[in-house]
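S.K.: Here you go, one structure.
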Amino acid sequence: MAKALHVPSDAEYADVSSQRLLGFLFFLISDCVIFGDFIFSYLYLRDVAPVWPPPGIERPYLYLAAVNSMVLFGSGATMHYAMEGIRRDRRRQFVAFILATIVLGSLFLAGQAYEYTHLHDTWAGSTFGASFFTLTGLHGFHVLIGVIYLITVFIQTLRGTYTQQRHFGLTAATLYWHFVDVIWVALFFLFYIY
Amino acid sequence: MNEQSAPVGTVASHVGGHIHPPPDSFVKKYIFSLDHKVIAVQYFITGGLFFILAGLLAELMRAQLMGPNNHVLSVETYNEAYSVHGSAMVWLVIIPLLTGGFGNLVMPLQIGARDVAFPWLNMLSFWLFPPAGILLFASFLFGAPQAGWTEYPPISLQMPFGTSLWCLAIFLIGVSATITGLNFLVTIVKMRAPGMTYTRMPLFVWATGTTALLSMIATANLSAALAGLFIERTFGVPFYNVARGGAPVLWQHVFWFYSHPAVYIMILPAFGIVSEIIPTFVRRPIFGYKMIAYSSAAIGLLSFMVWAHHMFTSGLAHWEQLLFMALTMAIAIPTGIKIFSWVATLWGGKIRLDTPLLFVLGFLSTFTFGGITGIMLASVPADIHEHGTYFVVAHLHYVLFGGSVFGIFAGLYYWWPKMTGRLLDERLGKIHFWLMFTAFNATFLPMHWIGLLGMPRRVATYDPVYAGTNEFVSISAFVLGFSFLIFLYNALRSARHGEIAGPNPWGARTLEWMIPSPAPYYNFKDIPIVLSGPYEYGAPLPYANIRQDLATVPVH
Ligand SMILES: [Cu+2]
């Protein structure tokens, strides 16, 4: 069945994108609850354990994680400037900063992969490993999805899907990227400092 | 579409404003439909089938319990039967029927929208549901779960592969409910017809909105908890196994942090249904609209703060027990407000005792009774005596059966004409009600006493002193099962012989009754404009931009 292509007016675009953004925000809230559940589990298991960390467990290396955190927070900043670029219609700024974000996000994943391969603890080895690998793994998965999402919206923008006025997808990607950043703050504190 | 004079401030009427023709292929129309009304019917049919299966499990259990040492079921099969019965009734019947069924059927119509915000997600939500049900019942082939619908470790960690299927099934249902919640919430916030402020929304929409919020937040937590259980069972990752440093009580916390709000996911939409039916059949404005609306929100909020009342025998600290006891009792206040408002609406009204109202009256009496036993269970000293006995079984069935299921039937009789265009037979409906109401009480009321005497739940055999009562309960349960056949016959009969309903057979005033029955593909030809609240009986209809020839309130 052939459908006539309908080009939405500005008001329609605003309506549809405000609906989708609200839906996306709700998605992030429920996602946050999922992290919250495992964080609660971690704190609970830590609380009932007679000694912490469990015997024979070595805590992950703080300095590597600190450097990796700086990489991720840096990508939050570059994402912000990429969005500024699209809002002010500065194409070059947008392209440079979103590429920087994608590179930094990938670096973070590489850092995490390095950490995973150099830790002696395992997922099923202890309650520490259970919480650590579940939460950081879930977070790393979110970063991976985020990098793919950023590449997608980047290509879409080059093709002209998003403009200075109409960039719902970019706004959602930015929200998501900052969300992933904020979750990392909590995880970094819980696993490397606390 | 009509763009004239839409008041500013609420929702722009051009969202979804383009009328596309309905899909013409059978698959797009009835299987992978995007239409909220078709999806609602899909939920009703699928949920109805699971209701029959889960009900048959209950009848098998009652057959086993006819005598103290029967051998109808083996001990293991009995454990599997009650575990799957409970899981199926909660996750495959009550929640999908109330939210997926009634929420989809009624809410978009009541807010004057053409569909939900994300029809594609709505279809996805539905299509996660049948696979979940199949997985749950397929668990019988691999050793079904035996730890009850709550699946406490350590038993849930020791059982065969069927329990992993249980995890997957409920996980799918959890994802489905989270998506539906998100979708409905955006719909209610963004897609109300012009002029429909929050305090002009029908009370069913208030109830559905609160439920959607609970589904979105609490159910995401359930999904995480289930993922934890699944990971532990499959990969040996220690969360709940005490031998490896895990904590079984942790599961109880995360499970009940979902499952107490889930109690309200299962009852708030029924409250909404009751709030629609009472004013319609009493022909007067609902008493305390705002109190009912805001008490829904209060219940939603409080429901996140009471979960540990299920754990008074799990070794909580004293102060925790007292705190959760007090909070639990506090949640009875907004619920009580609703009951008072409904009774005040009925009081002195011209009551028309049609079947939907009969079910509502049944709901009011049984649910209130279940609420009172709930208060008894909330008090720590009483709970320590009653925990794990048939008193709890009686209480939860008065709430979930006497509340939710009676609410579901009230809603079915009420909105059947809107869904199908035909009326159900009143005489059969009344017979169904009286049989179901009597058999329900005969089944579950005696469980209170044998529970107080100390008969434990979830055991296939029992002390012969309880034999007489159990025999009576079992016979009543068979009659209760039979009563649903009357409804089934009535429903099938109405397809051919049911009286043509017309747009508004009950003379109601909410928007879904201002359009033909069944509702046309795009619901409203023009998006209506709302001028005041929906329950002002006696005043002219508060809508502009609707077809006046349909919007007449018939006088019976
Ligand atoms: Cu509870």
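Residue numbers start at 1 in each chain; chains themselves are named A, B, ... in the order of the structure tokens; ligands are numbered from 1 in the order shown.
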When the cut-off is 10 Å and you count only C-alpha atoms and all ligand atoms, which residues lie near ligand 1, shown as a ChimeraX atom specification?

M.R.: /B:256-264,303-311,328,374,377-378,396

S.K.: Taking 2 positions as the minimum chain separation for residues in the same chain, which residues sit within 10 Å of B:Cys167 when counting only C-alpha atoms? Answer as a list in words.

M.R.: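 Skipping anything fewer than 2 positions along the chain leaves Ala132, Leu135, Leu136, Pro145, Glu151, Gly162, Thr163, Ser164, Leu165, Ala169, Ile170, Phe171, Leu172, Ile173, Ser223, Ala225, Leu226, Ala227, Gly228, Leu229, Phe230, Ile231 and Arg233 of chain B.
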
S.K.: Store the residues picked out above in a file with N, CA and C atoms, as an mmCIF file, in the first residue's frame.

M.R.:
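Okay, again39.cif is ready:
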data_model
loop_
_atom_site.group_PDB
_atom_site.id
_atom_site.type_symbol
_atom_site.label_atom_id
_atom_site.label_comp_id
_atom_site.auth_asym_id
_atom_site.auth_seq_id
_atom_site.Cartn_x
_atom_site.Cartn_y
_atom_site.Cartn_z
ATOM 1 N N ALA B 132 5.565 -15.144 27.038
ATOM 2 C CA ALA B 132 5.807 -15.261 28.472
ATOM 3 C C ALA B 132 4.898 -16.327 29.071
ATOM 4 N N LEU B 135 6.048 -19.800 28.045
ATOM 5 C CA LEU B 135 7.237 -20.202 28.811
ATOM 6 C C LEU B 135 6.837 -20.653 30.211
ATOM 7 N N LEU B 136 5.941 -19.880 30.851
ATOM 8 C CA LEU B 136 5.567 -20.217 32.222
ATOM 9 C C LEU B 136 4.910 -21.595 32.286
ATOM 10 N N PRO B 145 8.544 -24.412 38.818
ATOM 11 C CA PRO B 145 8.966 -23.867 40.111
ATOM 12 C C PRO B 145 8.094 -24.396 41.241
ATOM 13 N N GLU B 151 8.872 -17.292 44.952
ATOM 14 C CA GLU B 151 10.138 -17.942 44.586
ATOM 15 C C GLU B 151 11.301 -17.535 45.488
ATOM 16 N N GLY B 162 12.952 -25.611 35.124
ATOM 17 C CA GLY B 162 11.679 -24.904 35.015
ATOM 18 C C GLY B 162 11.688 -23.554 35.707
ATOM 19 N N THR B 163 12.414 -23.452 36.810
ATOM 20 C CA THR B 163 12.454 -22.171 37.516
ATOM 21 C C THR B 163 13.170 -21.113 36.686
ATOM 22 N N SER B 164 14.160 -21.525 35.891
ATOM 23 C CA SER B 164 14.805 -20.558 34.998
ATOM 24 C C SER B 164 13.807 -20.070 33.950
ATOM 25 N N LEU B 165 12.963 -20.984 33.468
ATOM 26 C CA LEU B 165 11.926 -20.565 32.515
ATOM 27 C C LEU B 165 10.971 -19.587 33.175
ATOM 28 N N ALA B 169 10.047 -15.967 31.834
ATOM 29 C CA ALA B 169 8.652 -15.608 31.557
ATOM 30 C C ALA B 169 8.285 -14.315 32.279
ATOM 31 N N ILE B 170 8.593 -14.258 33.573
ATOM 32 C CA ILE B 170 8.197 -13.075 34.326
ATOM 33 C C ILE B 170 9.030 -11.873 33.902
ATOM 34 N N PHE B 171 10.272 -12.117 33.488
ATOM 35 C CA PHE B 171 11.095 -11.025 32.969
ATOM 36 C C PHE B 171 10.430 -10.406 31.733
ATOM 37 N N LEU B 172 9.958 -11.254 30.835
ATOM 38 C CA LEU B 172 9.279 -10.739 29.633
ATOM 39 C C LEU B 172 8.049 -9.930 30.016
ATOM 40 N N ILE B 173 7.266 -10.478 30.966
ATOM 41 C CA ILE B 173 6.083 -9.747 31.411
ATOM 42 C C ILE B 173 6.495 -8.411 32.026
ATOM 43 N N SER B 223 12.344 -6.742 37.071
ATOM 44 C CA SER B 223 13.156 -7.307 35.991
ATOM 45 C C SER B 223 14.597 -7.480 36.451
ATOM 46 N N ALA B 225 15.670 -7.830 39.584
ATOM 47 C CA ALA B 225 15.741 -8.900 40.578
ATOM 48 C C ALA B 225 15.705 -10.268 39.909
ATOM 49 N N LEU B 226 14.829 -10.411 38.905
ATOM 50 C CA LEU B 226 14.723 -11.683 38.189
ATOM 51 C C LEU B 226 15.997 -11.990 37.425
ATOM 52 N N ALA B 227 16.590 -10.951 36.840
ATOM 53 C CA ALA B 227 17.850 -11.155 36.139
ATOM 54 C C ALA B 227 18.882 -11.690 37.124
ATOM 55 N N GLY B 228 18.916 -11.132 38.346
ATOM 56 C CA GLY B 228 19.845 -11.607 39.369
ATOM 57 C C GLY B 228 19.627 -13.083 39.670
ATOM 58 N N LEU B 229 18.358 -13.472 39.860
ATOM 59 C CA LEU B 229 18.056 -14.875 40.178
ATOM 60 C C LEU B 229 18.468 -15.790 39.020
ATOM 61 N N PHE B 230 18.169 -15.328 37.818
ATOM 62 C CA PHE B 230 18.500 -16.119 36.630
ATOM 63 C C PHE B 230 20.016 -16.279 36.497
ATOM 64 N N ILE B 231 20.749 -15.185 36.682
ATOM 65 C CA ILE B 231 22.211 -15.226 36.592
ATOM 66 C C ILE B 231 22.773 -16.184 37.632
ATOM 67 N N ARG B 233 21.233 -18.727 39.094
ATOM 68 C CA ARG B 233 20.904 -20.114 38.770
ATOM 69 C C ARG B 233 21.741 -20.640 37.610
#

S.K.: Running DSSP on the backbone, which parts of stretch 83-140 of chain A land in helix (DSSP H, G or I), as JSON, numbers by chain?

M.R.: {"A": [83, 84, 85, 86, 87, 91, 92, 93, 94, 95, 96, 97, 98, 99, 100, 101, 102, 103, 104, 105, 106, 107, 108, 109, 110, 111, 112, 113, 114, 115, 116, 117, 118, 127, 128, 129, 130, 131, 132, 133, 134, 135, 136, 137, 138, 139, 140]}

S.K.: For the atom pair atom CA of A:Ala11 and atom CA of B:Pro108, what is the interatomic distance in Å to one decimal place?

M.R.: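 It comes out at 21.8 Å.
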
S.K.: Separation of atom CA of B:Gln42 and atom CA of B:Leu92, in Å?

M.R.: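 Distance reported for this atom pair: 12.8 Å.
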
S.K.: Ranking A:Ala96, A:Ala124, A:Leu21, A:Ala110 by minimum distance to chain B and counting only C-alpha atoms, which one comes first?

M.R.: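 Ranked by minimum distance to chain B, first place goes to A:Ala124.
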